[in-house]
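Listing of upload02.txt; format and content: compact mmCIF, C-alpha atoms and all ligand atoms.
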```
# COMPACT_ATOMS: atom_id res chain seq x y z
CA MET A 1 97.72 78.36 -237.68
CA GLU A 2 101.24 79.08 -238.92
CA ALA A 3 103.91 78.91 -236.23
CA ASN A 4 104.93 82.50 -236.83
CA GLN A 5 101.36 83.66 -236.52
CA ARG A 6 101.10 81.82 -233.22
CA ILE A 7 104.26 83.51 -231.94
CA ALA A 8 102.92 86.87 -233.02
CA ARG A 9 99.68 86.16 -231.17
CA ILE A 10 101.54 85.26 -228.00
CA ALA A 11 103.62 88.39 -228.32
CA ALA A 12 100.55 90.51 -228.88
CA HIS A 13 99.10 89.40 -225.54
CA LEU A 14 102.13 90.40 -223.52
CA HIS A 15 102.98 93.72 -221.96
CA PRO A 16 105.70 95.38 -224.09
CA SER A 17 108.19 95.08 -221.24
CA ASN A 18 107.98 91.29 -221.54
CA VAL A 19 108.50 91.00 -225.24
CA GLN A 20 110.88 92.53 -227.71
CA PRO A 21 111.92 91.83 -231.28
CA ASN A 22 114.78 89.40 -231.81
CA SER A 23 117.42 91.36 -233.69
CA ASN A 24 118.78 88.10 -235.12
CA ASP A 25 115.48 87.13 -236.71
CA PRO A 26 112.92 89.55 -238.09
CA LEU A 27 110.12 87.05 -237.35
CA GLY A 28 111.32 86.19 -233.86
CA PHE A 29 110.57 87.59 -230.44
CA ILE A 30 112.25 87.51 -227.07
CA ILE A 31 109.71 86.66 -224.41
CA CYS A 32 110.19 86.53 -220.64
CA TYR A 33 110.06 83.02 -219.28
CA SER A 34 107.71 84.08 -216.50
CA MET A 35 105.20 85.07 -219.18
CA ILE A 36 105.58 81.73 -220.94
CA LYS A 37 104.72 80.07 -217.64
CA ARG A 38 101.66 82.28 -217.26
CA PHE A 39 100.48 81.20 -220.65
CA GLY A 40 100.59 77.54 -219.77
CA GLY A 41 104.18 76.57 -219.04
CA VAL A 42 106.78 74.36 -220.62
CA ASP A 43 106.80 70.62 -220.01
CA ASP A 44 109.89 68.44 -219.45
CA ASP A 45 110.42 67.95 -223.16
CA GLY A 46 110.41 71.64 -223.78
CA VAL A 47 106.92 71.76 -225.20
CA LEU A 48 105.22 75.08 -224.60
CA LEU A 49 101.54 74.55 -223.92
CA LEU A 50 99.36 77.45 -224.89
CA ARG A 51 95.74 78.23 -225.42
CA TYR A 52 96.58 78.72 -229.06
CA GLY A 53 98.09 75.29 -229.54
CA VAL A 54 101.41 73.65 -228.82
CA LEU A 55 104.80 74.96 -229.84
CA ASN A 56 107.81 72.70 -229.75
CA LEU A 57 110.54 74.53 -227.94
CA ASN A 58 114.06 73.58 -227.21
CA VAL A 59 114.39 75.09 -223.75
CA ILE A 60 117.80 76.21 -222.63
CA ASN A 61 117.91 76.75 -218.88
CA GLY A 62 117.41 80.38 -218.13
CA ASN A 63 114.77 82.94 -217.69
CA CYS A 64 114.25 84.28 -221.11
CA LEU A 65 113.56 82.55 -224.39
CA ILE A 66 114.13 83.66 -227.92
CA LEU A 67 111.47 82.28 -230.20
CA ALA A 68 112.42 82.09 -233.80
CA GLU A 69 112.21 79.76 -236.82
CA MET A 70 109.46 77.77 -235.21
CA GLU A 71 108.95 75.54 -238.21
CA GLY A 72 111.41 72.68 -238.55
CA GLY A 73 112.55 72.89 -234.96
CA SER A 74 112.85 75.97 -232.83
CA VAL A 75 115.73 78.13 -231.81
CA LEU A 76 115.84 79.38 -228.26
CA GLU A 77 118.56 81.21 -226.49
CA GLN A 78 119.02 82.42 -222.99
CA THR A 79 119.23 86.13 -222.33
CA ASN A 80 118.53 86.16 -218.60
CA CYS A 81 115.57 88.46 -218.48
CA ARG A 82 114.62 88.71 -214.82
CA ALA A 83 112.75 91.86 -214.07
CA LYS A 84 110.05 93.71 -215.88
CA GLY A 85 109.96 97.40 -216.33
CA GLY A 86 108.25 99.22 -219.08
CA ALA A 87 108.94 102.70 -217.78
CA PRO A 88 110.16 105.11 -220.45
CA GLY A 89 113.88 105.68 -220.24
CA PHE A 90 117.24 104.89 -221.74
CA LYS A 91 118.95 101.61 -222.51
CA VAL A 92 122.34 101.31 -220.89
CA ALA A 93 124.99 98.59 -221.19
CA ILE A 94 127.87 98.08 -218.78
CA LEU A 95 130.81 96.14 -220.22
CA GLY A 96 132.92 94.65 -217.42
CA ALA A 97 129.86 94.60 -215.14
CA ALA A 98 131.12 91.84 -212.83
CA GLY A 99 134.27 93.71 -211.81
CA GLY A 100 135.21 95.89 -208.87
CA ILE A 101 133.78 98.99 -210.55
CA GLY A 102 131.21 97.15 -212.63
CA GLN A 103 129.21 95.70 -209.73
CA PRO A 104 128.56 98.86 -207.71
CA LEU A 105 128.12 100.75 -210.99
CA ALA A 106 125.47 98.25 -212.08
CA MET A 107 123.73 98.59 -208.72
CA LEU A 108 123.69 102.38 -208.91
CA MET A 109 122.51 102.40 -212.53
CA LYS A 110 119.67 100.05 -211.54
CA MET A 111 118.63 102.79 -209.11
CA ASN A 112 118.70 105.51 -211.77
CA PRO A 113 115.16 106.44 -212.81
CA LEU A 114 116.36 107.46 -216.28
CA VAL A 115 117.34 103.86 -217.07
CA SER A 116 114.65 101.52 -218.43
CA VAL A 117 116.88 98.67 -219.60
CA LEU A 118 120.24 97.70 -218.11
CA HIS A 119 122.45 95.17 -219.89
CA LEU A 120 125.29 93.66 -217.84
CA TYR A 121 128.09 92.12 -219.88
CA ASP A 122 131.27 90.46 -218.69
CA VAL A 123 133.44 87.49 -219.58
CA VAL A 124 132.89 86.01 -216.09
CA ASN A 125 130.16 86.00 -213.43
CA SER A 126 127.65 88.28 -215.16
CA PRO A 127 124.74 85.83 -214.58
CA GLY A 128 125.35 86.02 -210.82
CA VAL A 129 125.59 89.80 -210.74
CA THR A 130 122.49 90.04 -212.95
CA ALA A 131 120.44 87.70 -210.78
CA ASP A 132 121.46 89.64 -207.68
CA ILE A 133 120.77 93.12 -209.05
CA SER A 134 117.55 92.08 -210.80
CA HIS A 135 115.90 91.56 -207.40
CA MET A 136 116.07 95.30 -206.68
CA ASP A 137 112.57 96.76 -206.87
CA THR A 138 113.48 99.65 -209.15
CA GLY A 139 112.17 100.26 -212.65
CA ALA A 140 114.98 99.13 -214.94
CA VAL A 141 114.82 95.72 -216.62
CA VAL A 142 118.16 93.94 -216.10
CA ARG A 143 119.60 91.38 -218.49
CA GLY A 144 122.91 89.56 -218.26
CA PHE A 145 125.28 88.59 -221.06
CA LEU A 146 128.27 86.29 -220.69
CA GLY A 147 131.28 86.02 -222.97
CA GLN A 148 132.08 87.33 -226.40
CA PRO A 149 129.41 85.38 -228.32
CA GLN A 150 126.84 87.46 -226.42
CA LEU A 151 128.58 90.83 -226.86
CA ASP A 152 126.50 91.93 -229.83
CA ALA A 153 123.23 90.99 -228.12
CA ALA A 154 124.35 92.94 -225.04
CA LEU A 155 124.93 96.04 -227.14
CA THR A 156 121.99 95.96 -229.53
CA GLY A 157 119.80 99.05 -229.19
CA MET A 158 121.80 100.69 -226.41
CA ASP A 159 121.72 104.48 -225.92
CA LEU A 160 124.69 104.56 -223.55
CA VAL A 161 127.57 102.12 -223.14
CA ILE A 162 129.77 102.36 -220.05
CA ILE A 163 133.08 100.48 -220.21
CA PRO A 164 134.93 99.60 -217.00
CA ALA A 165 136.34 96.33 -218.47
CA GLY A 166 140.01 95.54 -218.02
CA VAL A 167 142.70 94.95 -215.44
CA PRO A 168 143.40 97.43 -212.64
CA ARG A 169 146.77 98.57 -211.25
CA LYS A 170 148.77 96.99 -208.46
CA PRO A 171 151.23 99.00 -206.32
CA GLY A 172 154.28 100.08 -208.30
CA MET A 173 152.47 100.10 -211.65
CA THR A 174 151.54 103.11 -213.77
CA ARG A 175 148.27 103.24 -215.66
CA ASP A 176 150.30 102.89 -218.84
CA ASP A 177 151.49 99.47 -217.61
CA LEU A 178 147.88 98.32 -218.18
CA PHE A 179 148.04 99.19 -221.89
CA LYS A 180 149.23 95.76 -223.02
CA ILE A 181 146.09 93.98 -221.75
CA ASN A 182 143.46 96.70 -221.76
CA ALA A 183 144.16 98.03 -225.27
CA GLY A 184 143.03 94.74 -226.82
CA ILE A 185 139.99 94.50 -224.53
CA VAL A 186 138.84 98.02 -225.44
CA LYS A 187 139.41 97.34 -229.15
CA THR A 188 137.22 94.19 -229.05
CA LEU A 189 134.43 95.90 -227.12
CA CYS A 190 134.44 98.95 -229.39
CA GLU A 191 134.25 96.71 -232.46
CA GLY A 192 131.07 95.33 -230.91
CA ILE A 193 129.73 98.86 -230.55
CA THR A 194 130.35 99.58 -234.25
CA ARG A 195 128.26 96.53 -235.14
CA SER A 196 125.42 96.79 -232.65
CA CYS A 197 124.93 100.36 -231.42
CA PRO A 198 127.06 102.72 -233.53
CA ASN A 199 125.05 105.73 -232.36
CA ALA A 200 125.40 105.08 -228.63
CA ILE A 201 127.17 107.48 -226.30
CA VAL A 202 130.30 105.71 -224.99
CA ASN A 203 131.72 106.39 -221.49
CA LEU A 204 135.19 104.87 -221.41
CA ILE A 205 136.65 104.12 -217.97
CA SER A 206 139.26 101.44 -218.74
CA ASN A 207 142.82 102.61 -218.20
CA PRO A 208 145.00 104.08 -219.48
CA VAL A 209 142.17 106.43 -220.50
CA ASN A 210 144.69 108.75 -222.20
CA SER A 211 145.31 105.93 -224.71
CA THR A 212 142.11 103.88 -224.67
CA VAL A 213 139.99 106.81 -225.90
CA PRO A 214 142.25 107.27 -228.99
CA ILE A 215 142.04 103.48 -229.51
CA ALA A 216 138.23 103.60 -229.44
CA ALA A 217 138.25 106.57 -231.85
CA GLU A 218 140.44 104.67 -234.31
CA VAL A 219 138.21 101.57 -234.13
CA PHE A 220 135.15 103.72 -234.83
CA LYS A 221 136.91 105.57 -237.66
CA LYS A 222 137.90 102.27 -239.27
CA ALA A 223 134.27 101.14 -239.20
CA GLY A 224 133.04 104.52 -240.49
CA THR A 225 130.92 105.11 -237.36
CA TYR A 226 133.04 107.69 -235.54
CA ASP A 227 131.21 110.64 -234.02
CA PRO A 228 133.73 112.44 -231.78
CA LYS A 229 130.93 113.98 -229.73
CA ARG A 230 129.73 110.56 -228.59
CA LEU A 231 133.03 109.21 -227.28
CA LEU A 232 133.89 110.41 -223.77
CA GLY A 233 136.77 109.34 -221.57
CA VAL A 234 135.60 109.39 -217.95
CA THR A 235 137.71 111.75 -215.85
CA MET A 236 134.95 112.47 -213.37
CA LEU A 237 136.80 110.76 -210.52
CA ASP A 238 139.51 113.43 -210.76
CA VAL A 239 136.82 116.11 -210.38
CA VAL A 240 135.16 114.22 -207.50
CA ARG A 241 138.52 113.95 -205.71
CA ALA A 242 139.38 117.58 -206.43
CA ASN A 243 136.03 118.75 -205.02
CA THR A 244 136.60 116.63 -201.89
CA PHE A 245 140.20 117.63 -201.23
CA VAL A 246 139.61 121.32 -201.95
CA ALA A 247 136.56 121.32 -199.68
CA GLU A 248 138.68 119.81 -196.90
CA VAL A 249 141.22 122.61 -197.21
CA LEU A 250 138.57 125.33 -197.38
CA GLY A 251 136.42 123.81 -194.63
CA LEU A 252 133.40 123.61 -196.98
CA ASP A 253 130.85 120.96 -197.86
CA PRO A 254 132.27 119.18 -200.97
CA ARG A 255 128.84 119.44 -202.62
CA GLU A 256 129.28 123.22 -202.69
CA VAL A 257 132.65 123.03 -204.43
CA SER A 258 133.33 122.72 -208.15
CA VAL A 259 136.87 122.27 -209.48
CA PRO A 260 137.56 122.00 -213.21
CA VAL A 261 140.18 119.31 -213.88
CA VAL A 262 141.63 119.30 -217.40
CA GLY A 263 144.26 117.46 -219.45
CA GLY A 264 144.01 113.69 -219.09
CA HIS A 265 143.74 110.92 -216.54
CA ALA A 266 147.23 109.93 -215.34
CA GLY A 267 149.80 111.64 -213.12
CA VAL A 268 150.89 115.04 -214.39
CA THR A 269 148.29 114.96 -217.16
CA ILE A 270 145.65 115.48 -214.43
CA LEU A 271 145.61 119.26 -214.15
CA PRO A 272 143.26 120.81 -211.57
CA LEU A 273 142.54 124.46 -212.30
CA LEU A 274 142.55 125.76 -208.74
CA SER A 275 142.39 129.34 -209.98
CA GLN A 276 138.90 128.58 -211.34
CA VAL A 277 137.38 126.92 -208.26
CA LYS A 278 133.77 127.77 -207.48
CA PRO A 279 132.94 129.38 -205.11
CA PRO A 280 135.81 131.78 -205.90
CA CYS A 281 138.66 131.43 -203.41
CA SER A 282 142.43 131.65 -203.21
CA PHE A 283 145.14 129.25 -202.09
CA THR A 284 148.65 129.72 -200.74
CA LYS A 285 151.57 128.31 -202.75
CA GLU A 286 151.79 125.40 -200.27
CA GLU A 287 148.07 124.68 -200.53
CA THR A 288 148.25 124.79 -204.33
CA GLU A 289 151.16 122.36 -204.44
CA TYR A 290 149.61 120.04 -201.85
CA LEU A 291 146.23 119.96 -203.59
CA THR A 292 147.61 119.55 -207.09
CA LYS A 293 149.80 116.64 -206.05
CA ARG A 294 147.06 114.95 -204.01
CA ILE A 295 144.58 115.18 -206.89
CA GLN A 296 147.16 113.91 -209.38
CA ASP A 297 148.11 111.01 -207.09
CA GLY A 298 144.60 110.19 -205.88
CA GLY A 299 144.48 106.91 -207.81
CA THR A 300 147.89 105.85 -206.49
CA GLU A 301 146.79 106.69 -202.94
CA VAL A 302 143.97 104.12 -203.27
CA VAL A 303 146.14 101.55 -205.09
CA GLN A 304 148.66 101.67 -202.25
CA ALA A 305 146.01 101.51 -199.52
CA LYS A 306 144.42 98.48 -201.21
CA ALA A 307 147.90 96.89 -201.24
CA GLY A 308 147.51 94.63 -204.26
CA ALA A 309 143.72 94.23 -204.14
CA GLY A 310 143.10 96.62 -207.03
CA SER A 311 142.40 100.32 -207.46
CA ALA A 312 139.51 102.69 -206.80
CA THR A 313 136.22 100.93 -207.38
CA LEU A 314 133.55 102.45 -205.11
CA SER A 315 134.44 106.10 -205.63
CA MET A 316 134.86 105.30 -209.34
CA ALA A 317 131.43 103.70 -209.54
CA TYR A 318 130.01 106.81 -207.84
CA ALA A 319 131.85 109.07 -210.29
CA ALA A 320 130.84 106.94 -213.29
CA VAL A 321 127.17 107.10 -212.30
CA LYS A 322 127.39 110.84 -211.70
CA PHE A 323 128.81 111.24 -215.20
CA ALA A 324 126.46 108.73 -216.86
CA ASP A 325 123.49 110.50 -215.29
CA CYS A 326 124.69 113.78 -216.84
CA CYS A 327 124.99 112.05 -220.24
CA LEU A 328 121.45 110.65 -219.92
CA ARG A 329 120.03 114.01 -218.87
CA GLY A 330 121.82 115.51 -221.87
CA LEU A 331 120.28 112.84 -224.12
CA ARG A 332 116.87 113.70 -222.66
CA GLY A 333 117.42 117.29 -223.74
CA ASP A 334 118.07 118.93 -220.36
CA ALA A 335 119.88 122.25 -220.75
CA GLY A 336 123.07 123.52 -219.15
CA ILE A 337 124.79 120.24 -218.21
CA VAL A 338 128.51 120.90 -218.05
CA GLU A 339 131.09 118.36 -216.84
CA CYS A 340 134.73 117.54 -217.49
CA ALA A 341 135.55 114.70 -219.90
CA TYR A 342 138.45 113.53 -222.08
CA VAL A 343 137.27 114.08 -225.64
CA ALA A 344 138.38 114.84 -229.19
CA SER A 345 139.30 118.47 -228.90
CA GLN A 346 140.76 121.55 -230.55
CA VAL A 347 141.37 123.37 -227.28
CA THR A 348 145.10 122.59 -227.53
CA GLU A 349 147.22 121.28 -230.40
CA LEU A 350 146.54 117.71 -229.16
CA PRO A 351 143.73 115.67 -230.76
CA PHE A 352 142.33 114.66 -227.35
CA PHE A 353 142.13 116.69 -224.17
CA ALA A 354 139.94 116.80 -221.07
CA THR A 355 138.03 120.02 -220.49
CA GLN A 356 134.59 121.07 -219.47
CA VAL A 357 132.03 120.03 -222.08
CA ARG A 358 128.33 120.71 -222.48
CA LEU A 359 126.37 117.48 -222.68
CA GLY A 360 123.32 117.32 -224.92
CA ARG A 361 121.33 115.04 -227.20
CA GLY A 362 124.39 114.51 -229.38
CA GLY A 363 126.88 113.88 -226.56
CA ALA A 364 129.61 116.46 -225.96
CA GLU A 365 127.94 119.19 -227.99
CA GLU A 366 130.19 122.04 -226.94
CA ILE A 367 133.78 121.96 -225.73
CA TYR A 368 134.86 124.86 -223.58
CA GLN A 369 138.20 126.64 -223.73
CA LEU A 370 140.56 126.45 -220.75
CA GLY A 371 139.90 129.97 -219.54
CA PRO A 372 142.57 132.14 -217.91
CA LEU A 373 145.38 130.09 -216.30
CA ASN A 374 147.87 131.30 -213.71
CA GLU A 375 151.62 130.74 -214.11
CA TYR A 376 151.59 127.51 -212.02
CA GLU A 377 148.85 126.08 -214.24
CA ARG A 378 150.58 127.18 -217.46
CA VAL A 379 153.72 125.25 -216.45
CA GLY A 380 151.56 122.26 -215.50
CA LEU A 381 149.76 122.43 -218.85
CA GLU A 382 153.01 122.16 -220.81
CA GLU A 383 154.08 119.14 -218.75
CA ALA A 384 150.65 117.51 -219.17
CA LYS A 385 150.66 118.02 -222.94
CA LYS A 386 154.09 116.38 -223.33
CA GLU A 387 152.97 113.16 -221.63
CA LEU A 388 149.54 113.20 -223.24
CA ALA A 389 151.01 113.43 -226.75
CA THR A 390 152.94 110.17 -226.20
CA SER A 391 149.92 108.35 -224.73
CA ILE A 392 147.66 109.47 -227.58
CA GLU A 393 150.16 108.40 -230.21
CA LYS A 394 150.54 105.00 -228.52
CA GLY A 395 146.77 104.43 -228.68
CA VAL A 396 146.44 105.56 -232.28
CA SER A 397 149.30 103.43 -233.52
CA PHE A 398 147.95 100.36 -231.69
CA ILE A 399 145.07 100.33 -234.20
CA ARG A 400 146.83 101.80 -237.25
CA LYS A 401 149.91 99.59 -237.08
N1 LIG B 501 138.82 106.25 -215.47
C1 LIG B 501 139.03 106.16 -214.18
O1 LIG B 501 138.96 107.19 -213.48
C2 LIG B 501 139.31 104.88 -213.53
C3 LIG B 501 139.58 103.77 -214.26
N2 LIG B 501 139.80 102.55 -213.68
C4 LIG B 501 140.09 101.42 -214.55
O2 LIG B 501 138.90 100.64 -214.71
C5 LIG B 501 139.27 99.30 -215.10
C6 LIG B 501 138.50 98.29 -214.27
O3 LIG B 501 138.86 98.37 -212.92
P1 LIG B 501 138.23 97.33 -211.84
O4 LIG B 501 136.77 97.24 -212.01
O5 LIG B 501 138.78 97.69 -210.54
O6 LIG B 501 138.88 95.96 -212.33
P2 LIG B 501 138.36 94.47 -212.05
O7 LIG B 501 139.44 93.54 -212.45
O8 LIG B 501 137.78 94.37 -210.69
O9 LIG B 501 137.14 94.34 -213.07
C7 LIG B 501 137.32 94.34 -214.45
C8 LIG B 501 136.26 93.49 -215.08
O10 LIG B 501 136.47 93.51 -216.48
C9 LIG B 501 136.17 92.22 -216.96
N3 LIG B 501 136.79 91.98 -218.24
C10 LIG B 501 138.04 91.62 -218.56
N4 LIG B 501 138.16 91.43 -219.87
C11 LIG B 501 136.95 91.70 -220.41
C12 LIG B 501 136.44 91.68 -221.72
N5 LIG B 501 137.20 91.36 -222.77
N6 LIG B 501 135.15 92.01 -221.89
C13 LIG B 501 134.36 92.35 -220.84
N7 LIG B 501 134.79 92.36 -219.59
C14 LIG B 501 136.06 92.05 -219.38
C15 LIG B 501 136.71 91.28 -215.88
O11 LIG B 501 136.14 89.98 -216.00
C16 LIG B 501 136.30 92.02 -214.62
O12 LIG B 501 135.03 91.59 -214.18
C17 LIG B 501 140.77 99.24 -214.91
O13 LIG B 501 141.41 99.37 -216.15
C18 LIG B 501 141.09 100.43 -214.03
O14 LIG B 501 142.40 100.89 -214.16
C19 LIG B 501 139.74 102.41 -212.33
C20 LIG B 501 139.46 103.49 -211.53
C21 LIG B 501 139.28 104.81 -212.05
O1 LIG B 502 144.73 104.73 -210.21
C1 LIG B 502 144.24 103.81 -210.89
O2 LIG B 502 144.89 102.90 -211.41
C2 LIG B 502 142.77 103.83 -211.10
C3 LIG B 502 142.38 105.18 -211.51
O3 LIG B 502 142.46 105.54 -212.65
C4 LIG B 502 142.05 106.13 -210.45
O4 LIG B 502 141.75 105.75 -209.32
O5 LIG B 502 142.05 107.33 -210.76
```
Just dump the structure as structure tokens.
Amino acid sequence: MEANQRIARIAAHLHPSNVQPNSNDPLGFIICYSMIKRFGGVDDDGVLLLRYGVLNLNVINGNCLILAEMEGGSVLEQTNCRAKGGAPGFKVAILGAAGGIGQPLAMLMKMNPLVSVLHLYDVVNSPGVTADISHMDTGAVVRGFLGQPQLDAALTGMDLVIIPAGVPRKPGMTRDDLFKINAGIVKTLCEGITRSCPNAIVNLISNPVNSTVPIAAEVFKKAGTYDPKRLLGVTMLDVVRANTFVAEVLGLDPREVSVPVVGGHAGVTILPLLSQVKPPCSFTKEETEYLTKRIQDGGTEVVQAKAGAGSATLSMAYAAVKFADCCLRGLRGDAGIVECAYVASQVTELPFFATQVRLGRGGAEEIYQLGPLNEYERVGLEEAKKELATSIEKGVSFIRK
């Protein structure tokens, strides 16, 4: 029997969750190691013993094997397949999965019933995080990917890519101070997306979001894969904070409060629209000033409290999952999902702006206008736009230069 026929026969006997096509080789398959063992095991020389005969395999330590080009020596690669799933759902990749945000985000996404496959990519420690999270008895299959050579494999076939990769702030820094390092990281990761999953929804967390989203857009434009509806800067943490702080002032449960936060994600560009809070309410001048400042400085509050050990990670992971879940429900076709995000926009004269958007199968399918603003918010809007314009231009010229 031809080697490829034998591989196909092995594959045919496995549950679909244990076998998938190898995107690098049309005749190859990726098969879970545990299944290989069930079919007879691999001896010390890497010979796979099967009912159907013997395949010579070059085993690389790991849990998952890629079978390809079986004649004239085999090619196997590790992809760290640990769990089995098979439930219908979406394929999600987290880039920067071993970081302060990445780890709790990965854990929470593993708990999300809409996720069937979870790819965890980082340049360090992703095998450890993957092994750890893969023991959770939830449905999603988890696979780990380490370092740039595995970026494309991490991204292949993904429906949603969440990016918390990059350095965080230390006290005294602005988010813009992170541009130098994070701009290049975001560029590299987005280039991977253009190659491996150009139709995926992208949730960009890496700071400075006001600039990294324009960077991503330029990378996608350059590759001819740009769909503005599918690129979303994550500003959900501003909304989460606003809901919490407003609820404190009003003496309400934060889950009952909804505050639109528009503009961008840094300092004065974070503009909470307190005149549009639900349930409808009013604030004194002092309350308005206190709340606006606290929401705008929420990130700095955490950076200072962590005193050099990074910025918000746990609340950010919570916010990222809340937002990702909305994106997945939108992809599923659920109606009426509206959240704030930093997107390509015509709401103001700026090319990017955060507002409420309706999430659907295509991503941000509808972008809502700002609605009526009071005088305090109109002044804030002008200030926000000035700073945003500079940050957007900085991101665009990073790629165009
Ligand atoms: N949008 C938002 O609301 C928020 C954004 N952030 C931002 O998120 C980013 C990550 O923050 P943390 O998780 O606290 O930082 P962290 O340093 O704990 O984790 C970052 C991870 O990114 C990885 N990484 C670095 N270069 C990479 C590359 N080229 N490819 C893949 N992974 C790479 C690192 O190895 C590390 O595991 C920061 O830029 C931070 O400012 C943080 C909080 C809120
Ligand atoms: O403040 C930071 O550097 C991290 C961040 O974006 C936030 O917590 O909102």
Within 7 Å of range 364-376 of chain A, counting only C-alpha atoms, which residues qualify if same-chain residues fewer than 3 places away don't, as a PyMOL selection string? chain A and resi 229-230+275+347+355-360+379-380
Taking 2 positions as the minimum chain separation for residues in the same chain, which residues sit within 10 Å of range 175-189 of chain A when counting only C-alpha atoms? Answer as an NGL selection string. :A and (95-96 or 148 or 151-152 or 155 or 163-170 or 172-173 or 191-194 or 204-213 or 215-220 or 265-267 or 299-300 or 391 or 394-395 or 398-399)
Pick from A:Ile295, A:Ala97, A:Ala312, A:Leu118, whichever lies nearest to ligand LIG 502 (chain B) using all atoms listed in the file: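 So, comparing all the options, the nearest one is A:Ala312.
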For Val268 in chain A, which residue among A:Leu381, A:Ala309, A:Ile133, A:Val117 is the nearest when counting only C-alpha atoms?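 Going through A:Leu381, A:Ala309, A:Ile133, A:Val117 one by one, the smallest distance to Val268 in chain A is for A:Leu381.
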Interatomic distance, atom N2 of ligand LIG 501 (chain B) to CA of Ser311 in chain A (Å, one decimal): 7.1 Å
I need the residue nearest ligand LIG 502 (chain B) from this list: A:Lys306, A:His135, A:Arg255, A:Lys221. Use all atoms listed in the file for the distance.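 Smallest distance to ligand LIG 502 (chain B) is found for A:Lys306.
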Report as a PDB file with C-alpha atoms, keeping the file's coordinate frame all protein, DNA and RNA residues lying within 8 Å of Ile201 in chain A, evaluated on only C-alpha atoms, omitting residues in the same chain fewer than 4 positions from it.
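Saved file around.pdb follows:
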```
ATOM      1  CA  ASP A 159     121.720 104.480-225.920  1.00  0.00           C
ATOM      2  CA  LEU A 160     124.690 104.560-223.550  1.00  0.00           C
ATOM      3  CA  VAL A 161     127.570 102.120-223.140  1.00  0.00           C
ATOM      4  CA  ARG A 230     129.730 110.560-228.590  1.00  0.00           C
ATOM      5  CA  LEU A 231     133.030 109.210-227.280  1.00  0.00           C
ATOM      6  CA  LEU A 232     133.890 110.410-223.770  1.00  0.00           C
ATOM      7  CA  CYS A 327     124.990 112.050-220.240  1.00  0.00           C
ATOM      8  CA  GLY A 363     126.880 113.880-226.560  1.00  0.00           C
TER       9      GLY A 363
END
```
Separation of CA of Val302 in chain A from CA of Glu287 in chain A, in Å and rounded to one decimal: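 Distance reported for this atom pair: 21.1 Å.
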If I take atom C1 of ligand LIG 502 (chain B) and CA of Thr174 in chain A, how far is one from the other in Å, to one decimal?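 Those two atoms sit 7.9 Å apart.
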Would you compute an axis-aligned box for ligand LIG 502 (chain B), covering every atom listed for it in the file with 4 Å of margin on each side, and report centre and edge lengths in Å to one decimal as lines of an AutoDock Vina configuration file?
```
center_x = 143.3
center_y = 105.1
center_z = -211.0
size_x = 11.1
size_y = 12.4
size_z = 11.3
```
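Between ligand LIG 501 (chain B) and the candidates A:Asn203, A:Asn112, A:Ser196, A:Ser345, the tightest atom-to-atom separation, counting all atoms listed in the file, involves A:Asn203.
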Between A:Lys285, A:Val338, A:Pro171, A:Glu256, single out the one closest to Ala305 in chain A, counting only C-alpha atoms.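 Under the stated criterion, the closest residue is A:Pro171.
With distances restricted to only C-alpha atoms and all ligand atoms, A:Arg294 is the closest residue to ligand LIG 502 (chain B) from A:Lys222, A:His119, A:Lys91, A:Arg294.
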Nearby residues (all atoms listed in the file) at most 8 Å from Gly100 in chain A, same-chain spacing under 3 positions excluded, as a PyMOL selection string: chain A and resi 103-104+313-314
List every protein, DNA or RNA residue with an atom no more than 12 Å from (132.9, 120.9, -204.7) in the file's coordinates, counting all atoms listed in the file, and format the result as number ranges by chain. A: 238-261, 274, 276-280
